[in-house]
Structure formats: C-alpha cells, structure tokens
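Okay, final_18.txt is below, compact mmCIF, C-alpha atoms:
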```txt
# COMPACT_ATOMS: atom_id res chain seq x y z
CA MET A 1 37.51 -18.47 5.14
CA LYS A 2 37.84 -17.05 8.58
CA LYS A 3 37.79 -19.57 11.41
CA GLN A 4 35.58 -17.34 13.56
CA MET A 5 32.91 -17.32 10.86
CA GLN A 6 33.14 -21.08 10.54
CA ASN A 7 32.54 -21.58 14.23
CA ARG A 8 29.62 -19.13 14.30
CA MET A 9 27.94 -20.75 11.32
CA ARG A 10 28.54 -24.28 12.63
CA ALA A 11 26.73 -23.39 15.83
CA ARG A 12 23.60 -22.49 13.83
CA LEU A 13 23.26 -25.89 12.13
CA THR A 14 20.22 -27.90 13.12
CA GLY A 15 21.75 -31.26 12.39
CA VAL A 16 24.98 -32.93 13.49
CA CYS A 17 27.77 -33.20 10.92
CA LEU A 18 30.18 -36.11 11.17
CA LEU A 19 32.67 -37.40 8.60
CA GLY A 20 31.01 -35.55 5.77
CA LEU A 21 27.50 -36.74 6.62
CA CYS A 22 24.53 -34.75 7.98
CA LEU A 23 22.68 -36.58 10.72
CA SER A 24 19.58 -34.49 11.27
CA GLY A 25 17.64 -36.85 13.54
CA GLY A 26 14.43 -35.95 11.72
CA ALA A 27 15.10 -32.20 11.92
CA ALA A 28 15.54 -29.86 8.99
CA THR A 29 19.12 -29.64 7.77
CA ASP A 30 20.52 -26.15 7.16
CA GLY A 31 23.64 -25.55 5.13
CA TYR A 32 26.10 -22.68 4.64
CA TYR A 33 27.67 -22.20 1.21
CA TRP A 34 31.03 -20.61 1.94
CA PRO A 35 33.04 -20.15 -1.32
CA ASP A 36 33.44 -16.49 -2.26
CA TRP A 37 34.48 -16.97 -5.85
CA ILE A 38 32.86 -17.99 -9.12
CA TYR A 39 32.81 -21.49 -10.58
CA ASN A 40 31.11 -22.27 -13.86
CA LEU A 41 29.19 -25.25 -12.55
CA ASN A 42 28.37 -26.19 -8.96
CA PRO A 43 26.22 -29.29 -8.45
CA TRP A 44 24.08 -28.63 -5.37
CA GLY A 45 25.29 -31.76 -3.61
CA THR A 46 29.04 -31.00 -3.87
CA ILE A 47 29.68 -31.40 -0.17
CA ARG A 48 33.00 -29.58 -0.05
CA TYR A 49 31.31 -26.29 -0.95
CA TRP A 50 29.19 -26.35 2.22
CA GLU A 51 30.60 -25.29 5.56
CA GLY A 52 30.69 -28.21 7.96
CA ASP A 53 30.13 -30.60 5.05
CA CYS A 54 26.37 -30.19 5.48
CA VAL A 55 24.40 -29.96 2.26
CA PRO A 56 21.03 -28.37 3.09
CA GLY A 57 17.93 -30.46 2.64
CA ASP A 58 15.04 -32.12 4.49
CA GLY A 59 13.20 -28.78 4.68
CA GLY A 60 16.22 -26.79 5.89
CA VAL A 61 17.51 -23.42 4.70
CA ALA A 62 20.44 -22.84 2.35
CA TYR A 63 22.53 -19.84 3.43
CA PHE A 64 25.06 -18.21 1.06
CA THR A 65 27.77 -16.44 3.05
CA GLY A 66 29.94 -14.78 0.40
CA LYS A 67 29.42 -12.12 -2.25
CA MET A 68 30.06 -14.30 -5.27
CA ALA A 69 28.79 -17.70 -6.29
CA GLY A 70 28.93 -19.74 -9.44
CA ASP A 71 25.95 -21.32 -11.14
CA ILE A 72 24.12 -23.73 -8.83
CA THR A 73 22.74 -26.85 -10.50
CA PHE A 74 20.19 -29.27 -9.05
CA VAL A 75 21.02 -32.75 -10.31
CA GLU A 76 18.67 -34.52 -7.88
CA ALA A 77 15.42 -33.76 -6.06
CA VAL A 78 15.96 -31.36 -3.16
CA GLU A 79 13.46 -30.17 -0.54
CA LEU A 80 14.10 -26.91 1.33
CA ASN A 81 12.24 -24.36 3.41
CA GLY A 82 14.13 -21.39 1.99
CA LEU A 83 17.08 -19.92 0.12
CA ASP A 84 18.99 -17.05 1.73
CA PHE A 85 21.41 -15.58 -0.82
CA GLY A 86 22.42 -12.84 1.61
CA ASN A 87 24.84 -10.43 -0.06
CA VAL A 88 25.54 -12.57 -3.14
CA GLN A 89 25.79 -10.21 -6.12
CA LEU A 90 24.97 -10.82 -9.74
CA TYR A 91 28.12 -10.57 -11.85
CA THR A 92 28.38 -10.43 -15.61
CA SER A 93 31.52 -11.68 -17.33
CA GLY A 94 31.87 -12.27 -21.06
CA GLY A 95 28.17 -11.64 -21.52
CA LYS A 96 27.24 -14.33 -18.97
CA ASP A 97 25.47 -13.72 -15.67
CA SER A 98 26.36 -15.55 -12.45
CA PRO A 99 24.94 -17.01 -10.37
CA ILE A 100 22.19 -18.80 -12.25
CA VAL A 101 20.22 -21.42 -10.32
CA ARG A 102 19.20 -24.19 -12.71
CA ALA A 103 18.22 -27.84 -12.87
CA ASN A 104 19.86 -30.68 -14.77
CA GLY A 105 17.80 -33.75 -14.01
CA GLY A 106 16.95 -32.48 -10.53
CA SER A 107 14.29 -30.32 -8.93
CA LEU A 108 13.64 -27.94 -6.04
CA THR A 109 10.57 -28.17 -3.80
CA LEU A 110 9.90 -25.67 -1.00
CA THR A 111 8.04 -27.47 1.74
CA GLY A 112 7.36 -25.14 4.66
CA ASP A 113 4.14 -23.25 5.34
CA ARG A 114 6.00 -19.94 4.82
CA THR A 115 8.85 -20.61 2.43
CA PHE A 116 11.09 -17.79 1.26
CA LEU A 117 13.95 -16.49 -0.81
CA ASN A 118 16.06 -13.62 0.54
CA ALA A 119 18.51 -11.57 -1.54
CA ASP A 120 20.32 -8.36 -0.57
CA GLY A 121 23.22 -8.35 -3.03
CA ASN A 122 24.41 -4.95 -4.23
CA ASN A 123 26.96 -4.56 -6.99
CA ALA A 124 28.23 -0.97 -7.43
CA ASN A 125 24.97 0.47 -6.02
CA ASN A 126 22.96 -1.81 -8.26
CA PRO A 127 20.86 -4.14 -6.07
CA VAL A 128 20.93 -7.36 -8.10
CA GLY A 129 20.78 -10.94 -6.92
CA PRO A 130 20.66 -14.36 -8.60
CA VAL A 131 18.83 -15.57 -11.68
CA LEU A 132 16.35 -18.40 -11.09
CA ASN A 133 16.13 -20.80 -14.02
CA VAL A 134 14.80 -23.76 -12.12
CA PRO A 135 11.22 -24.99 -11.73
CA ILE A 136 10.39 -24.28 -8.08
CA ARG A 137 7.44 -26.16 -6.65
CA GLY A 138 5.40 -25.82 -3.50
CA MET A 139 3.19 -28.27 -1.64
CA GLY A 140 -0.13 -26.99 -2.97
CA ALA A 141 -1.26 -24.86 -0.02
CA ASN A 142 1.89 -23.09 1.18
CA THR A 143 3.10 -19.51 0.69
CA PHE A 144 6.36 -18.32 -0.88
CA THR A 145 7.70 -14.82 -0.18
CA LYS A 146 10.55 -12.98 -1.88
CA HIS A 147 12.40 -10.89 0.76
CA GLY A 148 15.39 -8.53 0.63
CA GLY A 149 16.20 -5.42 -1.34
CA ALA A 150 17.83 -7.00 -4.39
CA ARG A 151 16.35 -7.66 -7.80
CA VAL A 152 15.85 -11.36 -8.55
CA LEU A 153 15.07 -12.60 -12.06
CA MET A 154 12.82 -15.64 -12.44
CA GLU A 155 12.70 -17.35 -15.81
CA GLN A 156 10.00 -19.92 -14.98
CA PRO A 157 6.77 -19.45 -13.04
CA PHE A 158 6.46 -21.13 -9.64
CA THR A 159 3.98 -24.00 -9.35
CA GLN A 160 1.82 -25.52 -6.61
CA PHE A 161 1.84 -22.53 -4.26
CA ALA A 162 -1.31 -21.02 -2.81
CA THR A 163 0.42 -17.61 -2.77
CA VAL A 164 3.58 -16.17 -4.29
CA ALA A 165 4.30 -12.89 -2.50
CA VAL A 166 6.75 -10.07 -3.18
CA GLY A 167 7.77 -8.61 0.18
CA GLY A 168 10.86 -6.60 -0.80
CA GLY A 169 13.10 -5.60 -3.68
CA THR A 170 12.07 -6.52 -7.22
CA PHE A 171 10.89 -9.87 -8.53
CA VAL A 172 11.24 -9.88 -12.32
CA SER A 173 9.72 -12.18 -14.95
CA THR A 174 10.81 -12.08 -18.59
CA ASN A 175 8.34 -14.59 -20.02
CA ALA A 176 6.21 -13.55 -22.99
CA ALA A 177 2.83 -14.96 -23.99
CA ALA A 178 2.71 -17.08 -20.83
CA ARG A 179 1.59 -17.13 -17.19
CA LEU A 180 3.88 -14.98 -15.04
CA PHE A 181 5.21 -15.51 -11.51
CA ALA A 182 2.89 -18.39 -10.52
CA SER A 183 1.00 -21.02 -12.51
CA GLU A 184 -1.88 -20.98 -10.05
CA GLY A 185 -2.92 -19.39 -6.77
CA THR A 186 -2.38 -15.69 -6.01
CA LEU A 187 0.37 -13.15 -6.71
CA ALA A 188 0.45 -10.87 -3.64
CA VAL A 189 2.38 -7.58 -3.71
CA ARG A 190 3.29 -6.89 -0.08
CA GLY A 191 6.02 -4.27 -0.01
CA GLY A 192 8.14 -5.06 -3.05
CA THR A 193 7.82 -4.77 -6.83
CA ALA A 194 6.55 -7.45 -9.19
CA LYS A 195 7.85 -6.55 -12.64
CA TRP A 196 7.36 -7.92 -16.14
CA GLU A 197 10.16 -7.30 -18.63
CA PRO A 198 9.09 -9.27 -21.72
CA SER A 199 11.94 -10.64 -23.80
CA ALA A 200 10.08 -10.07 -27.05
CA THR A 201 9.27 -7.39 -29.59
CA GLY A 202 6.08 -5.92 -31.02
CA ALA A 203 2.75 -6.46 -29.27
CA VAL A 204 3.12 -8.80 -26.29
CA ALA A 205 0.60 -10.15 -23.80
CA ALA A 206 0.78 -12.34 -20.70
CA GLU A 207 -1.39 -13.58 -17.87
CA LEU A 208 -1.05 -13.03 -14.14
CA PRO A 209 -2.58 -15.22 -11.47
CA ALA A 210 -5.17 -13.60 -9.21
CA LEU A 211 -3.60 -10.34 -7.98
CA ALA A 212 -3.71 -9.04 -4.39
CA TYR A 213 -2.11 -6.05 -2.67
CA GLY A 214 -1.36 -5.54 1.00
CA PRO A 215 -0.90 -2.76 3.58
CA GLN A 216 2.90 -2.84 3.15
CA GLY A 217 2.53 -1.06 -0.19
CA GLY A 218 4.23 -2.15 -3.38
CA ARG A 219 4.29 -1.85 -7.16
CA LEU A 220 3.22 -3.81 -10.20
CA ALA A 221 5.48 -2.67 -13.04
CA TRP A 222 5.83 -3.69 -16.66
CA THR A 223 7.62 -2.56 -19.80
CA ALA A 224 6.41 -2.43 -23.37
CA PRO A 225 8.96 -3.31 -26.08
CA ALA A 226 10.26 -0.31 -28.01
CA GLY A 227 7.58 0.73 -30.47
CA GLY A 228 5.28 -2.07 -29.27
CA SER A 229 2.67 -2.72 -26.61
CA ALA A 230 2.33 -4.87 -23.48
CA THR A 231 -0.91 -6.17 -22.00
CA LEU A 232 -1.31 -7.98 -18.69
CA THR A 233 -4.51 -9.79 -17.71
CA THR A 234 -5.42 -10.98 -14.21
CA PRO A 235 -8.66 -12.75 -13.23
CA SER A 236 -9.17 -10.55 -10.15
CA LEU A 237 -7.73 -7.68 -8.12
CA THR A 238 -8.15 -7.89 -4.34
CA ARG A 239 -7.27 -5.61 -1.43
CA GLU A 240 -5.74 -7.35 1.60
CA GLY A 241 -7.13 -5.39 4.54
CA ALA A 242 -7.24 -1.74 5.60
CA GLY A 243 -4.46 0.53 4.36
CA ALA A 244 -3.51 -1.70 1.43
CA THR A 245 -1.91 0.16 -1.50
CA LEU A 246 -0.61 -0.72 -4.93
CA GLU A 247 1.16 1.50 -7.43
CA VAL A 248 0.48 0.47 -11.01
CA ALA A 249 3.68 1.37 -12.85
CA PRO A 250 3.76 1.08 -16.66
CA SER A 251 7.14 2.11 -18.07
CA GLY A 252 5.53 4.78 -20.27
CA GLY A 253 3.99 6.57 -17.32
CA THR A 254 0.41 7.69 -16.78
CA ALA A 255 -0.19 8.44 -20.47
CA ALA A 256 0.64 4.84 -21.44
CA LEU A 257 -1.77 3.20 -18.99
CA GLY A 258 -4.77 1.90 -20.91
CA GLU A 259 -3.04 2.58 -24.23
CA ALA A 260 0.29 0.93 -25.13
CA GLU A 261 0.52 -0.64 -21.65
CA ARG A 262 -2.62 -2.22 -20.23
CA LEU A 263 -3.74 -4.13 -17.15
CA ASN A 264 -7.01 -5.96 -17.71
CA VAL A 265 -9.02 -7.52 -14.88
CA THR A 266 -11.46 -10.26 -15.90
CA THR A 267 -13.75 -9.55 -12.94
CA ALA A 268 -13.68 -5.77 -13.01
CA PRO A 269 -12.96 -4.17 -9.61
CA ASP A 270 -15.79 -2.29 -7.95
CA ALA A 271 -15.78 1.50 -8.17
CA ALA A 272 -15.87 3.44 -4.89
CA ALA A 273 -17.60 6.61 -6.17
CA ASN A 274 -18.06 8.40 -9.47
CA GLY A 275 -16.18 5.62 -11.23
CA MET A 276 -13.05 5.87 -9.07
CA LEU A 277 -11.58 2.60 -7.80
CA ASP A 278 -10.23 1.92 -4.32
CA ALA A 279 -8.09 4.87 -3.19
CA GLY A 280 -5.25 2.44 -2.48
CA LEU A 281 -4.84 1.88 -6.24
CA VAL A 282 -2.77 4.59 -7.93
CA VAL A 283 -0.58 5.28 -10.94
CA ARG A 284 2.44 7.60 -10.73
CA ASP A 285 4.01 9.23 -13.73
CA ARG A 286 7.64 8.41 -13.02
CA THR A 287 8.62 9.71 -16.45
CA THR A 288 8.54 13.22 -14.92
CA ALA A 289 10.59 14.58 -12.05
CA SER A 290 7.73 15.22 -9.63
CA ALA A 291 6.09 11.83 -10.35
CA PRO A 292 2.50 13.14 -10.13
CA LEU A 293 -0.06 10.67 -8.88
CA SER A 294 -3.50 9.72 -10.18
CA PHE A 295 -6.22 7.49 -8.82
CA LEU A 296 -7.63 4.83 -11.13
CA ALA A 297 -10.84 3.91 -12.96
CA TYR A 298 -11.72 0.86 -15.02
CA ASP A 299 -12.60 0.81 -18.70
CA ALA A 300 -14.13 -2.33 -20.21
CA GLU A 301 -11.87 -2.07 -23.28
CA LYS A 302 -8.70 -0.46 -21.95
CA GLY A 303 -8.54 -1.96 -18.45
CA LEU A 304 -7.16 0.22 -15.68
CA VAL A 305 -6.97 3.88 -16.70
CA PRO A 306 -6.12 7.11 -14.85
CA TYR A 307 -9.13 8.62 -13.09
CA SER A 308 -9.81 11.93 -14.79
CA ALA A 309 -12.99 13.25 -13.13
CA THR A 310 -11.16 15.33 -10.54
CA ARG A 311 -11.94 18.85 -9.35
CA ALA A 312 -9.74 21.68 -8.19
CA TRP A 313 -9.41 21.95 -4.42
CA ASP A 314 -11.35 25.19 -4.07
CA ALA A 315 -14.35 23.84 -6.02
CA ALA A 316 -14.40 20.26 -4.71
CA GLY A 317 -17.29 18.95 -2.63
CA GLU A 318 -17.80 15.86 -0.51
CA SER A 319 -18.35 13.51 -3.49
CA ASP A 320 -15.34 14.80 -5.46
CA VAL A 321 -11.73 13.75 -5.85
CA ALA A 322 -10.00 17.01 -5.01
CA VAL A 323 -6.64 18.07 -6.43
CA LEU A 324 -4.49 20.52 -4.48
CA SER A 325 -1.66 21.78 -6.70
CA GLU A 326 -0.28 24.54 -4.48
CA THR A 327 0.65 24.49 -0.80
CA GLY A 328 -2.11 25.90 1.36
CA THR A 329 -3.82 25.97 4.75
CA LEU A 330 -7.32 24.73 5.59
CA THR A 331 -9.01 27.11 8.02
CA ALA A 332 -12.57 25.70 8.06
CA ALA A 333 -14.35 22.35 7.87
CA LYS A 334 -14.22 20.66 4.45
CA LYS A 335 -15.42 17.31 3.13
CA VAL A 336 -14.12 15.53 0.03
CA HIS A 337 -14.20 11.97 -1.23
CA SER A 338 -10.42 11.75 -1.78
CA LEU A 339 -7.49 14.13 -2.04
CA ILE A 340 -4.51 14.32 -4.36
CA LEU A 341 -1.64 16.53 -3.20
CA ASP A 342 -0.12 17.24 -6.59
CA ARG A 343 3.37 18.52 -7.41
CA SER A 344 4.57 17.98 -3.81
CA ALA A 345 1.96 20.40 -2.45
CA THR A 346 1.45 20.48 1.31
CA LEU A 347 -1.85 21.02 3.11
CA SER A 348 -1.74 22.35 6.65
CA VAL A 349 -4.87 22.11 8.78
CA ALA A 350 -5.33 25.05 11.16
CA ASP A 351 -6.54 24.61 14.74
CA GLY A 352 -10.27 24.05 14.82
CA ALA A 353 -10.47 23.08 11.12
CA THR A 354 -11.30 19.54 9.97
CA LEU A 355 -10.83 17.68 6.72
CA THR A 356 -13.11 14.66 6.28
CA SER A 357 -13.11 11.99 3.60
CA ILE A 358 -16.45 10.44 2.63
CA PRO A 359 -16.22 7.47 2.66
CA PRO A 360 -12.87 7.02 4.53
CA ALA A 361 -9.95 7.32 2.14
CA SER A 362 -6.29 8.15 2.19
CA SER A 363 -4.49 11.24 0.98
CA SER A 364 -1.87 10.51 -1.62
CA THR A 365 1.15 12.40 -0.39
CA GLY A 366 2.21 15.24 1.85
CA ARG A 367 1.66 16.02 5.52
CA CYS A 368 -2.07 15.54 5.79
CA ARG A 369 -2.99 11.87 6.00
CA TRP A 370 -6.26 10.74 7.47
CA GLY A 371 -8.56 7.82 7.98
CA ARG A 372 -11.76 9.82 8.20
CA THR A 373 -10.98 13.21 9.72
CA CYS A 374 -7.71 15.15 9.49
CA ARG A 375 -7.28 17.87 12.10
```

As structure tokens:
Amino acid sequence: MKKQMQNRMRARLTGVCLLGLCLSGGAATDGYYWPDWIYNLNPWGTIRYWEGDCVPGDGGVAYFTGKMAGDITFVEAVELNGLDFGNVQLYTSGGKDSPIVRANGGSLTLTGDRTFLNADGNNANNPVGPVLNVPIRGMGANTFTKHGGARVLMEQPFTQFATVAVGGGTFVSTNAAARLFASEGTLAVRGGTAKWEPSATGAVAAELPALAYGPQGGRLAWTAPAGGSATLTTPSLTREGAGATLEVAPSGGTAALGEAERLNVTTAPDAAANGMLDAGLVVRDRTTASAPLSFLAYDAEKGLVPYSATRAWDAAGESDVAVLSETGTLTAAKKVHSLILDRSATLSVADGATLTSIPPASSSTGRCRWGRTCR
C-alpha cells in the first residue's frame, strides 16, 4: 500500500490510534480497510486489515479503499453510521461471489439519523458491488440510504428503520414469498432502482413496505420467473413532494403490467382525472428500442395497469391525455390534461403560442416540459 495513501487516510480518522487500539474519546471511530486482494474469510475485528489499526465502530464509518475484498464476517455486535465500499467490485471465482458481508454470531446496527451504504464498484463495465447477507438493524426512527452507482444485492430485509431509501444504482432483493427491502417503515425510491429478482420458479408473490417516490426520479423493477408470474403488494403508494416521479418497470414491459407481473396497492392511489393516476407514475416498455411510455391507472383486480384512454394530439382537449407521435410545432393556444411525446417525438412551441396542462402536470419526454404553461 502506498505510504502517501496511508498518511492521507490516517489524517481522516476521528479517533487516535495507539499500539493497535482506537481511543475515540467518545467520538465515532472510522476505519479504512486497505487490503486489495481476496481472502475467503475476514472477521470484521481483524485489526491488521484496517489502516492505522483502527477497526471502525462506535457509530463511525467503514471505508474500503481497494477494488477487491474477501468476505466480511461479523462475529460480534458492531455499531456503525455507514459502510462506504467505494470502488470494491464483485468478483466471481469458482461459482462463488466475493465479497459477501455476513454474520456468524455477530450483528450490524446502523445508529445515525442518516445512515448509508455507498458502492461504486465497476467490473468490466458491469457496476456491481457487494452482497449483503447480514441482518442490518436501525434504531427504530432513523433513515438508511443506498448511494452510489453500483448494484448491491441484499439477501435479508432491513429491520427497525423508519425509511429505507434507494438514492443511486440498484438495490436488489432475491427473497420470495416474504417482505422485501424492509420489515417495517417505508421503502423510498429517490433516484435509484429498487429491484426484485425472485430466486424461485412458477407463480411468486412478495410484500413491500409502504412505497414512496421522490423528485429525484427512480424505478421499481421486478422480474417474473420464466413461464411464471410475479406479484408485488404494497400497503400504500405516496408521492414525496412536487416533481416526484417513479418508473414502474416489469421485466416483460408494458404488456406484462397487470398480467404476469403485477403491483397491487392495498389503499388504491387516487386518480387525477378520467382514471389516470399521478402523472409522475409511468411505465416504459423497455422491451422495445424506443421504450415508449405510458401513464398508469389502477384496476381493483390487476393493480397498476397502463392508462389506455388517451387521444391523438390533434383531437385532444383539456381533459384528455394527449399523445403526440410525430414531431410538430404548436402555433396556437392549446390545453390538455397531460402529454405523452411518443417515439421520441419533439414538440416545438412557436412564439405567442401556449400549451397548458389542466391541472398542472409534466410532459413525459422531449423538449417541451412545463409546470402549467409551456411557451
């Protein structure tokens, strides 16, 4: 390990390290995991793996400084504020993935008000980070956020968090017939992707906690087993402020939503007009090259379904969801409820013309985006 990196990392420690001991003086103790190779088993408290001989704890942050790491095992109770895996990549050798974070008689509790996990590992243009196979607990009222662009696999739902948020990359759960992501509280999609990849066959079903979506955008994705079906159920679906958006992304595309792949909401979301839900809720058919977009409606039996009561742009009025399929120019005042710019169409608004949504909505794609009036 380079001496310059050692000195830089040592300067960032919050505690004082002396003779292999961390003297934090009541402060959180950070730690920097420096090996850049793979071991089969790394007990968390193995002090020689941590730069400066400081094992993180007491509400500190564990930083991983290399690109490889072996399996990390908690053999005692550890309290942290966060885990920063940095550029650690997921490697597969002999059919085994590394690193896997697991417990063997120990536990991990995240204690801060805004705890986090960050992962930006990228292996051959495949953004993949660690596998979490450890029960991670909160303090009952705190928030956990997954940051970074890498995919992180969680094999057990988090417990005792008020909110588990996905702020970047992909957070994947493989559980089947169980609660996903969090045992209680809220799953908030705030810029990343929450994805269910059930490790089962046939017809599978699982529960989500209360679901919320924020203005950072994001996706809720899931995959039905080959030849089977996959159904998710959440007690509620809530928008977090103005401009919040969520892409509902079943693996089978728009045609599968409400059929082989379903998202049921126990307390059905309110319709904005003519049965259409909030304009921030969409489904995109990523099985086709242009990934056409549809707004959503709710069916008591099928759950979320594509909204089908649209009208062509030329015929649409102020209560309609208008679809523009070819690039054009608006030369006069026009009012619509919402607008879909399909097949990468572009709408230009000439000087003096206005496009108004009633009530305020958002266009789906293209150049014309408006809150109430687009000029």

Find the residues around Gly66 in chain A up to 7 Å (only C-alpha atoms counted), leave out those fewer than 5 positions away in its own chain, and share them as an MDAnalysis selection string. chainID A and resid 34:36 87:88

Using 5 Å of padding on each side, determine the axis-aligned box around all atoms of range 52-70 of chain A present in the file and give its centre and edge lengths in Å to one decimal, as JSON.
```
{"center_x": 21.9, "center_y": -22.1, "center_z": -0.7, "size_x": 27.5, "size_y": 30.0, "size_z": 27.4}
```

Atomic separation - CA of Tyr91 in chain A relative to CA of Ala182 in chain A, Å: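 Between CA of Ala182 in chain A and CA of Tyr91 in chain A the gap is 26.4 Å.
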
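Proximity of A:Arg190, A:Arg114, A:Arg179, A:Lys334 to Val166 in chain A, computed with only C-alpha atoms, is greatest for A:Arg190.
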
So how far away is CA of Pro250 in chain A from CA of Ala206 in chain A, in Å?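 Taking CA of Ala206 in chain A and CA of Pro250 in chain A, their separation equals 14.3 Å.
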
Residue among A:Ala345, A:Ala178, A:Leu211, A:Ala297 lying closest to Asn274 in chain A, counting only C-alpha atoms: A:Ala297
